[in-house]
$ cat my_file.cif   # mmCIF, C-alpha atoms
data_run
loop_
_atom_site.group_PDB
_atom_site.id
_atom_site.type_symbol
_atom_site.label_atom_id
_atom_site.label_comp_id
_atom_site.auth_asym_id
_atom_site.auth_seq_id
_atom_site.Cartn_x
_atom_site.Cartn_y
_atom_site.Cartn_z
ATOM 1 C CA MET A 951 185.812 227.403 -29.235
ATOM 2 C CA GLY A 952 183.739 225.224 -31.534
ATOM 3 C CA ARG A 953 182.414 223.163 -28.639
ATOM 4 C CA VAL A 954 181.466 226.278 -26.657
ATOM 5 C CA ALA A 955 179.733 227.721 -29.713
ATOM 6 C CA GLU A 956 177.753 224.504 -30.117
ATOM 7 C CA LEU A 957 176.673 224.423 -26.484
ATOM 8 C CA ALA A 958 175.737 228.129 -26.465
ATOM 9 C CA GLY A 959 173.850 227.964 -29.754
ATOM 10 C CA VAL A 960 175.926 230.662 -31.461
ATOM 11 C CA SER A 961 178.407 230.683 -34.302
ATOM 12 C CA VAL A 962 182.167 230.512 -33.928
ATOM 13 C CA ARG A 963 182.233 233.788 -35.830
ATOM 14 C CA THR A 964 180.184 235.384 -33.037
ATOM 15 C CA LEU A 965 182.644 234.149 -30.430
ATOM 16 C CA HIS A 966 185.554 235.474 -32.502
ATOM 17 C CA HIS A 967 183.784 238.845 -32.664
ATOM 18 C CA TYR A 968 183.279 238.918 -28.886
ATOM 19 C CA ASP A 969 186.950 238.066 -28.479
ATOM 20 C CA GLY A 970 187.995 240.770 -30.926
ATOM 21 C CA ILE A 971 186.097 243.536 -29.145
ATOM 22 C CA GLY A 972 187.195 242.361 -25.713
ATOM 23 C CA LEU A 973 183.724 241.340 -24.575
ATOM 24 C CA VAL A 974 184.505 237.668 -23.879
ATOM 25 C CA ARG A 975 188.098 236.541 -24.297
ATOM 26 C CA PRO A 976 189.034 232.867 -23.747
ATOM 27 C CA SER A 977 191.773 232.893 -21.135
ATOM 28 C CA ALA A 978 192.673 229.182 -20.801
ATOM 29 C CA ARG A 979 194.910 227.010 -22.958
ATOM 30 C CA THR A 980 194.485 223.464 -24.233
ATOM 31 C CA ALA A 981 197.266 220.875 -24.022
ATOM 32 C CA ALA A 982 198.100 221.718 -27.620
ATOM 33 C CA GLY A 983 198.391 225.397 -26.789
ATOM 34 C CA TYR A 984 195.106 226.570 -28.300
ATOM 35 C CA ARG A 985 193.045 229.201 -26.503
ATOM 36 C CA ALA A 986 190.068 227.820 -24.577
ATOM 37 C CA TYR A 987 187.365 229.036 -22.249
ATOM 38 C CA ALA A 988 187.918 228.812 -18.517
ATOM 39 C CA ALA A 989 184.957 228.474 -16.135
ATOM 40 C CA GLY A 990 184.895 232.225 -15.541
ATOM 41 C CA ASP A 991 184.903 232.901 -19.272
ATOM 42 C CA VAL A 992 181.904 230.612 -19.770
ATOM 43 C CA GLU A 993 180.054 232.368 -16.947
ATOM 44 C CA ARG A 994 180.726 235.741 -18.556
ATOM 45 C CA LEU A 995 179.656 234.406 -21.956
ATOM 46 C CA ARG A 996 176.419 233.129 -20.437
ATOM 47 C CA GLU A 997 175.691 236.606 -19.080
ATOM 48 C CA VAL A 998 176.553 238.274 -22.384
ATOM 49 C CA LEU A 999 174.300 235.943 -24.385
ATOM 50 C CA ALA A 1000 171.449 236.252 -21.891
ATOM 51 C CA TYR A 1001 171.510 240.051 -22.039
ATOM 52 C CA ARG A 1002 171.863 239.891 -25.816
ATOM 53 C CA ARG A 1003 168.762 237.741 -26.144
ATOM 54 C CA LEU A 1004 166.889 240.235 -24.018
ATOM 55 C CA GLY A 1005 167.658 242.879 -26.638
ATOM 56 C CA PHE A 1006 170.580 244.738 -25.065
ATOM 57 C CA GLY A 1007 173.217 246.257 -27.331
ATOM 58 C CA LEU A 1008 176.836 245.128 -27.065
ATOM 59 C CA ARG A 1009 177.952 248.428 -25.554
ATOM 60 C CA GLU A 1010 175.266 248.199 -22.861
ATOM 61 C CA ILE A 1011 176.195 244.571 -22.190
ATOM 62 C CA ALA A 1012 179.866 245.448 -21.782
ATOM 63 C CA GLU A 1013 178.967 248.013 -19.111
ATOM 64 C CA LEU A 1014 176.787 245.483 -17.298
ATOM 65 C CA VAL A 1015 179.213 242.561 -17.248
ATOM 66 C CA ASP A 1016 182.190 244.794 -16.429
ATOM 67 C CA ASP A 1017 180.485 246.157 -13.324
ATOM 68 C CA PRO A 1018 182.925 245.126 -10.562
ATOM 69 C CA SER A 1019 180.268 245.269 -7.852
ATOM 70 C CA ALA A 1020 177.908 242.768 -9.529
ATOM 71 C CA ASP A 1021 178.759 239.070 -9.213
ATOM 72 C CA ALA A 1022 177.109 236.065 -10.877
ATOM 73 C CA VAL A 1023 174.257 236.022 -8.350
ATOM 74 C CA ALA A 1024 173.528 239.712 -8.922
ATOM 75 C CA HIS A 1025 173.407 239.146 -12.681
ATOM 76 C CA LEU A 1026 171.063 236.176 -12.256
ATOM 77 C CA HIS A 1027 168.693 238.239 -10.120
ATOM 78 C CA ARG A 1028 168.816 241.057 -12.651
ATOM 79 C CA LEU A 1029 168.119 238.668 -15.536
ATOM 80 C CA ARG A 1030 165.284 237.066 -13.622
ATOM 81 C CA GLY A 1031 163.690 240.445 -12.996
ATOM 82 C CA LEU A 1032 163.959 241.371 -16.674
ATOM 83 C CA LEU A 1033 162.406 238.062 -17.724
ATOM 84 C CA LEU A 1034 159.539 238.446 -15.268
ATOM 85 C CA GLU A 1035 158.863 241.918 -16.615
ATOM 86 C CA ARG A 1036 158.832 240.506 -20.142
ATOM 87 C CA ARG A 1037 156.447 237.765 -19.008
ATOM 88 C CA ASP A 1038 154.128 240.364 -17.483
ATOM 89 C CA ARG A 1039 154.182 242.290 -20.740
ATOM 90 C CA ALA A 1040 153.294 239.111 -22.637
ATOM 91 C CA ASP A 1041 150.462 238.358 -20.203
ATOM 92 C CA ALA A 1042 149.154 241.893 -20.615
ATOM 93 C CA MET A 1043 149.251 241.514 -24.389
ATOM 94 C CA VAL A 1044 147.294 238.257 -24.216
ATOM 95 C CA THR A 1045 144.720 239.955 -21.988
ATOM 96 C CA ALA A 1046 144.461 242.856 -24.437
ATOM 97 C CA ILE A 1047 144.005 240.498 -27.380
ATOM 98 C CA ASP A 1048 141.326 238.516 -25.536
ATOM 99 C CA ARG A 1049 139.510 241.752 -24.754
ATOM 100 C CA GLU A 1050 139.563 242.789 -28.395
ATOM 101 C CA LEU A 1051 138.388 239.353 -29.527
ATOM 102 C CA ARG A 1052 135.378 239.585 -27.215
ATOM 103 C CA THR A 1053 134.634 243.075 -28.484
ATOM 104 C CA ARG A 1054 134.794 241.937 -32.110
ATOM 105 C CA ALA A 1055 132.689 238.845 -31.336
ATOM 106 C CA LYS A 1056 129.921 241.197 -30.192
ATOM 107 C CA GLY A 1057 130.100 242.959 -33.538
ATOM 108 C CA LEU A 1058 131.502 246.127 -32.007
ATOM 109 C CA GLU A 1059 134.120 248.244 -33.712
ATOM 110 C CA VAL A 1060 137.634 248.590 -32.312
ATOM 111 C CA THR A 1061 139.127 251.955 -33.232
ATOM 112 C CA PRO A 1062 142.717 252.243 -34.523
ATOM 113 C CA GLU A 1063 143.610 254.225 -31.400
ATOM 114 C CA GLU A 1064 142.322 251.424 -29.153
ATOM 115 C CA GLN A 1065 144.283 248.853 -31.125
ATOM 116 C CA LEU A 1066 147.502 250.834 -30.774
ATOM 117 C CA ASN A 1067 146.901 251.531 -27.092
ATOM 118 C CA MET A 1068 146.389 247.837 -26.387
ATOM 119 C CA LEU A 1069 149.364 246.553 -28.335
ATOM 120 C CA GLY A 1070 151.716 249.499 -28.510
ATOM 121 C CA ALA A 1071 153.779 251.642 -26.205
ATOM 122 C CA ARG A 1072 151.066 251.926 -23.557
ATOM 123 C CA LEU A 1073 150.752 248.181 -23.052
ATOM 124 C CA TYR A 1074 152.762 247.980 -19.845
ATOM 125 C CA ASP A 1075 150.798 250.890 -18.417
ATOM 126 C CA ALA A 1076 147.782 248.572 -18.390
ATOM 127 C CA ILE A 1077 149.561 246.305 -15.903
ATOM 128 C CA GLY A 1078 150.064 249.042 -13.346
ATOM 129 C CA GLY A 1079 148.246 252.056 -14.703
ATOM 130 C CA ALA A 1080 147.714 253.595 -11.278
ATOM 131 C CA TYR A 1081 151.146 252.901 -9.794
ATOM 132 C CA THR A 1082 151.927 256.555 -9.317
ATOM 133 C CA ALA A 1083 148.653 257.099 -7.462
ATOM 134 C CA THR A 1084 148.643 254.132 -5.073
ATOM 135 C CA ARG A 1085 152.128 252.582 -4.990
ATOM 136 C CA ARG A 1086 154.597 254.327 -2.713
ATOM 137 C CA THR A 1087 157.114 253.299 -0.111
ATOM 138 C CA ASP A 1088 155.592 252.114 3.159
ATOM 139 C CA PRO A 1089 157.970 253.272 5.928
ATOM 140 C CA ARG A 1090 157.535 250.121 8.027
ATOM 141 C CA ILE A 1091 158.372 247.740 5.199
ATOM 142 C CA ALA A 1092 161.224 250.056 4.225
ATOM 143 C CA ALA A 1093 162.622 249.961 7.755
ATOM 144 C CA GLN A 1094 162.695 246.161 7.721
ATOM 145 C CA ILE A 1095 164.397 246.047 4.329
ATOM 146 C CA TRP A 1096 166.947 248.712 5.233
ATOM 147 C CA ASP A 1097 167.741 246.878 8.448
ATOM 148 C CA ALA A 1098 168.408 243.752 6.372
ATOM 149 C CA LEU A 1099 170.770 245.733 4.137
ATOM 150 C CA GLY A 1100 172.819 246.576 7.199
ATOM 151 C CA ASP A 1101 175.974 248.525 6.454
ATOM 152 C CA ALA A 1102 175.859 247.918 2.702
ATOM 153 C CA ARG A 1103 176.967 251.125 1.032
ATOM 154 C CA THR A 1104 175.504 250.250 -2.351
ATOM 155 C CA VAL A 1105 172.255 248.571 -3.490
ATOM 156 C CA LEU A 1106 171.006 246.865 -6.659
ATOM 157 C CA ASN A 1107 167.209 246.966 -6.934
ATOM 158 C CA VAL A 1108 166.024 244.155 -9.236
ATOM 159 C CA GLY A 1109 162.392 243.809 -10.269
ATOM 160 C CA ALA A 1110 160.897 245.894 -7.467
ATOM 161 C CA GLY A 1111 158.610 247.908 -9.709
ATOM 162 C CA THR A 1112 157.443 251.374 -8.766
ATOM 163 C CA GLY A 1113 157.008 250.540 -5.081
ATOM 164 C CA SER A 1114 160.765 250.559 -4.600
ATOM 165 C CA TYR A 1115 162.549 250.333 -1.270
ATOM 166 C CA GLU A 1116 166.208 250.999 -1.969
ATOM 167 C CA PRO A 1117 167.791 253.722 0.211
ATOM 168 C CA ALA A 1118 168.188 256.855 -1.882
ATOM 169 C CA ASP A 1119 171.841 257.259 -0.977
ATOM 170 C CA ARG A 1120 172.985 253.750 -2.048
ATOM 171 C CA ARG A 1121 172.916 251.704 -5.320
ATOM 172 C CA VAL A 1122 174.701 248.443 -6.285
ATOM 173 C CA ALA A 1123 175.570 245.979 -3.482
ATOM 174 C CA ARG A 1124 176.912 242.472 -2.891
ATOM 175 C CA HIS A 1125 174.424 241.669 -0.134
ATOM 176 C CA VAL A 1126 171.230 239.929 -1.245
ATOM 177 C CA VAL A 1127 167.896 240.985 0.270
ATOM 178 C CA VAL A 1128 164.792 239.579 -1.422
ATOM 179 C CA LEU A 1129 161.201 240.601 -0.720
ATOM 180 C CA THR A 1130 159.187 237.617 -1.899
ATOM 181 C CA PHE A 1131 156.125 235.448 -1.216
ATOM 182 C CA ASP A 1132 155.834 232.166 0.671
ATOM 183 C CA THR A 1133 154.020 229.360 -1.156
ATOM 184 C CA ASP A 1134 155.628 226.584 0.927
ATOM 185 C CA GLU A 1135 153.255 226.754 3.888
ATOM 186 C CA PRO A 1136 150.362 224.256 3.597
ATOM 187 C CA GLY A 1137 147.112 226.064 2.938
ATOM 188 C CA TRP A 1138 148.854 229.289 1.927
ATOM 189 C CA GLN A 1139 146.023 229.975 -0.512
ATOM 190 C CA ASP A 1140 143.689 230.562 2.448
ATOM 191 C CA ARG A 1141 145.821 233.139 4.258
ATOM 192 C CA PHE A 1142 144.120 236.024 2.476
ATOM 193 C CA TRP A 1143 140.360 236.262 2.246
ATOM 194 C CA LEU A 1144 140.500 237.877 -1.202
ATOM 195 C CA THR A 1145 142.205 234.900 -2.832
ATOM 196 C CA ARG A 1146 140.392 232.353 -0.656
ATOM 197 C CA ASP A 1147 136.840 233.546 -1.279
ATOM 198 C CA TYR A 1148 136.930 235.605 -4.459
ATOM 199 C CA LEU A 1149 140.023 235.023 -6.567
ATOM 200 C CA PRO A 1150 141.126 231.359 -6.528
ATOM 201 C CA GLU A 1151 142.918 232.048 -9.828
ATOM 202 C CA PHE A 1152 145.681 233.623 -7.751
ATOM 203 C CA THR A 1153 146.909 230.092 -7.059
ATOM 204 C CA GLY A 1154 147.503 229.628 -10.780
ATOM 205 C CA VAL A 1155 149.433 232.893 -10.991
ATOM 206 C CA LEU A 1156 151.938 231.500 -8.499
ATOM 207 C CA ALA A 1157 151.879 227.930 -9.805
ATOM 208 C CA GLU A 1158 155.455 228.133 -11.063
ATOM 209 C CA PHE A 1159 156.682 230.429 -8.309
ATOM 210 C CA PRO A 1160 159.940 229.126 -6.791
ATOM 211 C CA SER A 1161 159.684 227.711 -3.299
ATOM 212 C CA LEU A 1162 160.753 229.911 -0.426
ATOM 213 C CA ALA A 1163 163.049 227.191 0.885
ATOM 214 C CA GLY A 1164 164.609 226.780 -2.552
ATOM 215 C CA MET A 1165 165.317 230.494 -2.891
ATOM 216 C CA ALA A 1166 166.712 230.683 0.628
ATOM 217 C CA ASP A 1167 168.995 227.702 0.016
ATOM 218 C CA ALA A 1168 170.183 229.102 -3.309
ATOM 219 C CA ILE A 1169 171.505 232.303 -1.769
ATOM 220 C CA GLY A 1170 172.174 231.043 1.750
ATOM 221 C CA ALA A 1171 169.488 233.221 3.292
ATOM 222 C CA ARG A 1172 167.182 233.117 6.270
ATOM 223 C CA ALA A 1173 163.537 234.112 5.916
ATOM 224 C CA GLU A 1174 161.499 236.396 8.135
ATOM 225 C CA PRO A 1175 157.846 237.459 7.846
ATOM 226 C CA VAL A 1176 156.940 240.924 6.638
ATOM 227 C CA PRO A 1177 153.639 241.885 8.283
ATOM 228 C CA VAL A 1178 151.298 244.071 6.262
ATOM 229 C CA GLN A 1179 149.977 246.921 8.402
ATOM 230 C CA TRP A 1180 146.282 247.702 8.119
ATOM 231 C CA ASP A 1181 147.073 251.177 6.737
ATOM 232 C CA CYS A 1182 149.955 250.107 4.469
ATOM 233 C CA ALA A 1183 150.899 253.061 2.268
ATOM 234 C CA ASP A 1184 152.146 250.899 -0.603
ATOM 235 C CA GLY A 1185 149.084 249.704 -2.492
ATOM 236 C CA LEU A 1186 150.372 246.207 -3.169
ATOM 237 C CA PHE A 1187 147.963 243.318 -3.684
ATOM 238 C CA GLU A 1188 147.585 242.494 0.026
ATOM 239 C CA ALA A 1189 147.625 246.101 1.278
ATOM 240 C CA TYR A 1190 143.878 246.502 1.741
ATOM 241 C CA TRP A 1191 143.169 243.359 3.763
ATOM 242 C CA ARG A 1192 141.305 245.451 6.371
ATOM 243 C CA ARG A 1193 139.921 247.925 3.823
ATOM 244 C CA PRO A 1194 138.013 245.604 1.451
ATOM 245 C CA GLY A 1195 136.098 248.365 -0.303
ATOM 246 C CA ALA A 1196 139.345 249.523 -1.900
ATOM 247 C CA TYR A 1197 139.374 246.456 -4.152
ATOM 248 C CA LEU A 1198 136.199 247.705 -5.800
ATOM 249 C CA GLU A 1199 138.076 250.767 -7.085
ATOM 250 C CA GLU A 1200 139.428 250.529 -10.608
ATOM 251 C CA ARG A 1201 142.392 252.800 -9.880
ATOM 252 C CA VAL A 1202 143.456 250.584 -6.978
ATOM 253 C CA ARG A 1203 143.298 247.363 -8.989
ATOM 254 C CA ARG A 1204 145.205 248.871 -11.919
ATOM 255 C CA ALA A 1205 148.223 249.278 -9.656
ATOM 256 C CA MET A 1206 148.320 245.503 -9.023
ATOM 257 C CA SER A 1207 149.708 243.229 -11.725
ATOM 258 C CA VAL A 1208 147.772 240.252 -10.300
ATOM 259 C CA TRP A 1209 144.547 241.433 -11.923
ATOM 260 C CA THR A 1210 146.175 241.523 -15.342
ATOM 261 C CA ARG A 1211 147.556 238.046 -14.801
ATOM 262 C CA VAL A 1212 144.192 236.475 -13.881
ATOM 263 C CA GLY A 1213 142.357 238.174 -16.748
ATOM 264 C CA PRO A 1214 139.264 240.387 -17.016
ATOM 265 C CA GLU A 1215 136.657 237.659 -16.521
ATOM 266 C CA ALA A 1216 138.072 236.545 -13.179
ATOM 267 C CA GLU A 1217 138.500 240.170 -12.143
ATOM 268 C CA GLU A 1218 134.938 241.109 -12.997
ATOM 269 C CA ARG A 1219 133.546 238.076 -11.161
ATOM 270 C CA ALA A 1220 135.677 238.694 -8.046
ATOM 271 C CA VAL A 1221 134.791 242.391 -7.869
ATOM 272 C CA ARG A 1222 131.096 241.724 -8.385
ATOM 273 C CA SER A 1223 131.013 239.008 -5.720
ATOM 274 C CA LEU A 1224 132.982 241.090 -3.223
ATOM 275 C CA GLY A 1225 130.717 244.080 -3.819
ATOM 276 C CA ASP A 1226 127.638 241.959 -3.181
ATOM 277 C CA ASP A 1227 129.108 240.533 0.045
ATOM 278 C CA LEU A 1228 130.092 243.972 1.336
ATOM 279 C CA ALA A 1229 126.611 245.279 0.636
ATOM 280 C CA SER A 1230 124.887 242.311 2.284
ATOM 281 C CA GLY A 1231 127.198 242.177 5.300
ATOM 282 C CA ARG A 1232 128.410 238.680 4.432
ATOM 283 C CA TRP A 1233 132.035 239.825 4.192
ATOM 284 C CA ALA A 1234 131.856 241.310 7.695
ATOM 285 C CA GLU A 1235 130.359 238.090 9.050
ATOM 286 C CA ARG A 1236 133.231 236.059 7.617
ATOM 287 C CA ASN A 1237 136.039 238.448 8.445
ATOM 288 C CA GLY A 1238 134.897 240.412 11.467
ATOM 289 C CA ASP A 1239 137.940 239.273 13.450
ATOM 290 C CA LEU A 1240 140.195 241.366 11.215
ATOM 291 C CA VAL A 1241 138.855 244.641 12.610
ATOM 292 C CA GLY A 1242 140.870 244.274 15.788
ATOM 293 C CA LEU A 1243 144.181 243.557 14.038
ATOM 294 C CA ASP A 1244 146.799 246.199 13.269
ATOM 295 C CA ALA A 1245 148.871 243.919 11.015
ATOM 296 C CA ALA A 1246 148.510 240.591 9.235
ATOM 297 C CA ASP A 1247 150.901 237.923 7.997
ATOM 298 C CA LEU A 1248 149.725 237.361 4.422
ATOM 299 C CA GLY A 1249 152.772 235.533 3.107
ATOM 300 C CA LEU A 1250 155.267 238.289 2.391
ATOM 301 C CA ARG A 1251 158.774 237.205 3.342
ATOM 302 C CA LEU A 1252 162.168 238.886 3.487
ATOM 303 C CA LEU A 1253 165.213 236.799 2.628
ATOM 304 C CA ARG A 1254 168.494 237.996 4.153
ATOM 305 C CA ALA A 1255 171.780 236.729 2.751
#

$ encode --input "my_file.cif" --output "structure tokens"
Amino acid sequence: MGRVAELAGVSVRTLHHYDGIGLVRPSARTAAGYRAYAAGDVERLREVLAYRRLGFGLREIAELVDDPSADAVAHLHRLRGLLLERRDRADAMVTAIDRELRTRAKGLEVTPEEQLNMLGARLYDAIGGAYTATRRTDPRIAAQIWDALGDARTVLNVGAGTGSYEPADRRVARHVVVLTFDTDEPGWQDRFWLTRDYLPEFTGVLAEFPSLAGMADAIGARAEPVPVQWDCADGLFEAYWRRPGAYLEERVRRAMSVWTRVGPEAEERAVRSLGDDLASGRWAERNGDLVGLDAADLGLRLLRA
């Protein structure tokens, strides 16, 4: 127990407490007859400590780790989604602080209400403030995802945000279906005119994004492209590839976390430049071939395992 406590960075007293309440009980025995942790016990302890460090209470954690339909992979995906959400919140907070610093540098006053709105309960709303207005299930993407789910009777939706695609009649499943983005293909940054010509910072947003091949290998999945239809109903970042004027609308951009991640200066520059090119006809000259397309492959991929 002492060695496990040392490796996990917790006290032996904590492990005794988990044992006492039935949260993590060592089930193996040493040669001398002392209780020890088997591989499954360590895996469970890892999940308990991870959820604990994310702020979950012990009662909530017990319900999560005792879920018979969620295996180690399901817990890892859930933890990853929670961590990404926390990262987005941190990025939004940094953006809010930078905005206030610029305001104060100009000698302008920041009201108490603005301070609380930027750093308080409404912070995450700034990441996707218009989700309810522009993010909704696109039936064609949904059909592809539901086909990948096959006969699964239950579904676990991890990190999908408001534009969710789980069937309404199913919840937690053992199958793994991941809607992700391909950064493995050489020149992927140039697939989408918005990131190629106006927002190169998008490359930095995905700098630490796991490779598609790595994710597929990890879960034993095969990847297939998810084309984005020109009239995609879900206002995700790539949705308006044939409707460029939409990116000039504040309410549209607020439903895309990318803009929060790149920061206000990059956003303002990209929007200004795009607006100028639309007005001058330069965008149409560069991208006139898109008018005849009904769908585009912009890097979205579906992993089926």

$ residues_around --input "my_file.cif" --residues "Gly972 (chain A)" --least-positions-apart "3" --cutoff "12 Å" --atoms "all atoms listed in the file" --output "list in words"
Leu965, His966, His967, Tyr968, Asp969, Arg975, Pro976, Ser977, Asp991, Arg994, Leu995, Val998, Leu1008, Arg1009, Ile1011, Ala1012, Glu1013, Val1015 and Asp1016 of chain A

$ resolve_selection --input "my_file.cif" --expression "the PyMOL selection byres ((chain A and resi 1231-1233) around 12)" --output "ChimeraX atom specification"
/A:1143-1144,1147-1148,1191-1195,1223-1230,1234-1241

$ atom_distance --input "my_file.cif" --atom1 "CA of Leu999 (chain A)" --atom2 "CA of Val962 (chain A)"
13.5 Å

$ atom_distance --input "my_file.cif" --atom1 "CA of Val1178 (chain A)" --atom2 "CA of Leu1243 (chain A)"
10.6 Å

$ resolve_selection --input "my_file.cif" --expression "the PyMOL selection byres ((chain A and resi 1252-1254) around 12)" --output "PyMOL selection string"
chain A and resi 1091-1100+1124-1132+1162-1177+1249-1251+1255

$ closest_residue --input "my_file.cif" --among "A:Thr1133, A:Ser1019, A:Ser1207, A:Ala1196" --to "Ser1161 (chain A)" --atoms "only C-alpha atoms"
A:Thr1133

$ axis_aligned_box --input "my_file.cif" --around "region 951-967 of chain A" --padding-each-side "6 Å" --output "JSON"
{"center_x": 179.8, "center_y": 231.0, "center_z": -31.1, "size_x": 24.0, "size_y": 27.7, "size_z": 21.4}

$ resolve_selection --input "my_file.cif" --expression "the PyMOL selection byres ((chain A and resi 1029) around 9)" --output "PyMOL selection string"
chain A and resi 997+1000-1001+1004+1024-1028+1030-1034+1108

$ write_last_selection --input "my_file.cif" --atoms "C-alpha atoms" --output "compact mmCIF listing (two decimals), in the frame of the given file"
# COMPACT_ATOMS: atom_id res chain seq x y z
CA GLU A 997 175.69 236.61 -19.08
CA ALA A 1000 171.45 236.25 -21.89
CA TYR A 1001 171.51 240.05 -22.04
CA LEU A 1004 166.89 240.24 -24.02
CA ALA A 1024 173.53 239.71 -8.92
CA HIS A 1025 173.41 239.15 -12.68
CA LEU A 1026 171.06 236.18 -12.26
CA HIS A 1027 168.69 238.24 -10.12
CA ARG A 1028 168.82 241.06 -12.65
CA ARG A 1030 165.28 237.07 -13.62
CA GLY A 1031 163.69 240.44 -13.00
CA LEU A 1032 163.96 241.37 -16.67
CA LEU A 1033 162.41 238.06 -17.72
CA LEU A 1034 159.54 238.45 -15.27
CA VAL A 1108 166.02 244.16 -9.24

$ closest_residue --input "my_file.cif" --among "A:Pro1150, A:Gly1185, A:Pro1160, A:Gly970" --to "Glu1217 (chain A)" --atoms "only C-alpha atoms"
A:Pro1150

$ closest_residue --input "my_file.cif" --among "A:Asp1134, A:Glu1059, A:Asp1247, A:Glu1218" --to "Tyr1197 (chain A)" --atoms "all atoms listed in the file"
A:Glu1218

$ closest_residue --input "my_file.cif" --among "A:Glu1215, A:Asp1038, A:Ala981, A:Ile971" --to "Arg1052 (chain A)" --atoms "only C-alpha atoms"
A:Glu1215

$ closest_residue --input "my_file.cif" --among "A:Arg1141, A:Arg1146, A:Arg1049, A:Arg953" --to "Leu1248 (chain A)" --atoms "all atoms listed in the file"
A:Arg1141

$ atom_distance --input "my_file.cif" --atom1 "CA of Glu1151 (chain A)" --atom2 "CA of Asp1184 (chain A)"
22.9 Å

$ closest_residue --input "my_file.cif" --among "A:Arg1211, A:Arg1037, A:Lys1056, A:Arg1204" --to "Val1155 (chain A)" --atoms "all atoms listed in the file"
A:Arg1211

$ decode --input "my_file.cif" --residues "region 1202-1249 of chain A" --atoms "C-alpha atoms" --output "compact mmCIF listing (two decimals), in the first residue's frame"
# COMPACT_ATOMS: atom_id res chain seq x y z
CA VAL A 1202 -21.95 32.76 -35.66
CA ARG A 1203 -18.38 33.09 -34.40
CA ARG A 1204 -19.46 32.95 -30.75
CA ALA A 1205 -20.71 29.41 -31.32
CA MET A 1206 -17.19 28.28 -32.34
CA SER A 1207 -14.59 27.73 -29.64
CA VAL A 1208 -11.76 28.23 -32.18
CA TRP A 1209 -12.16 32.01 -32.05
CA THR A 1210 -11.73 32.03 -28.28
CA ARG A 1211 -8.64 29.87 -28.61
CA VAL A 1212 -6.90 32.13 -31.15
CA GLY A 1213 -7.71 35.31 -29.23
CA PRO A 1214 -9.42 38.61 -30.09
CA GLU A 1215 -6.55 40.14 -32.08
CA ALA A 1216 -6.36 37.25 -34.53
CA GLU A 1217 -10.15 37.18 -34.76
CA GLU A 1218 -10.43 40.88 -35.49
CA ARG A 1219 -7.71 40.71 -38.15
CA ALA A 1220 -9.23 37.64 -39.85
CA VAL A 1221 -12.75 39.11 -39.91
CA ARG A 1222 -11.53 42.45 -41.22
CA SER A 1223 -9.46 40.84 -43.97
CA LEU A 1224 -12.25 38.47 -45.00
CA GLY A 1225 -14.74 41.34 -45.09
CA ASP A 1226 -12.44 43.35 -47.34
CA ASP A 1227 -11.92 40.40 -49.71
CA LEU A 1228 -15.65 39.69 -49.93
CA ALA A 1229 -16.34 43.33 -50.72
CA SER A 1230 -13.60 43.55 -53.35
CA GLY A 1231 -14.39 40.21 -54.98
CA ARG A 1232 -10.97 38.78 -54.14
CA TRP A 1233 -12.48 35.92 -52.13
CA ALA A 1234 -14.64 34.90 -55.10
CA GLU A 1235 -11.62 34.99 -57.41
CA ARG A 1236 -9.70 32.64 -55.12
CA ASN A 1237 -12.54 30.31 -54.25
CA GLY A 1238 -14.94 30.44 -57.17
CA ASP A 1239 -14.64 26.68 -57.69
CA LEU A 1240 -16.47 26.07 -54.42
CA VAL A 1241 -19.78 27.33 -55.81
CA GLY A 1242 -20.35 24.14 -57.75
CA LEU A 1243 -19.69 21.80 -54.80
CA ASP A 1244 -22.41 20.36 -52.58
CA ALA A 1245 -19.98 19.01 -49.97
CA ALA A 1246 -16.33 19.40 -49.01
CA ASP A 1247 -13.78 17.26 -47.20
CA LEU A 1248 -12.33 19.70 -44.66
CA GLY A 1249 -10.65 17.19 -42.37
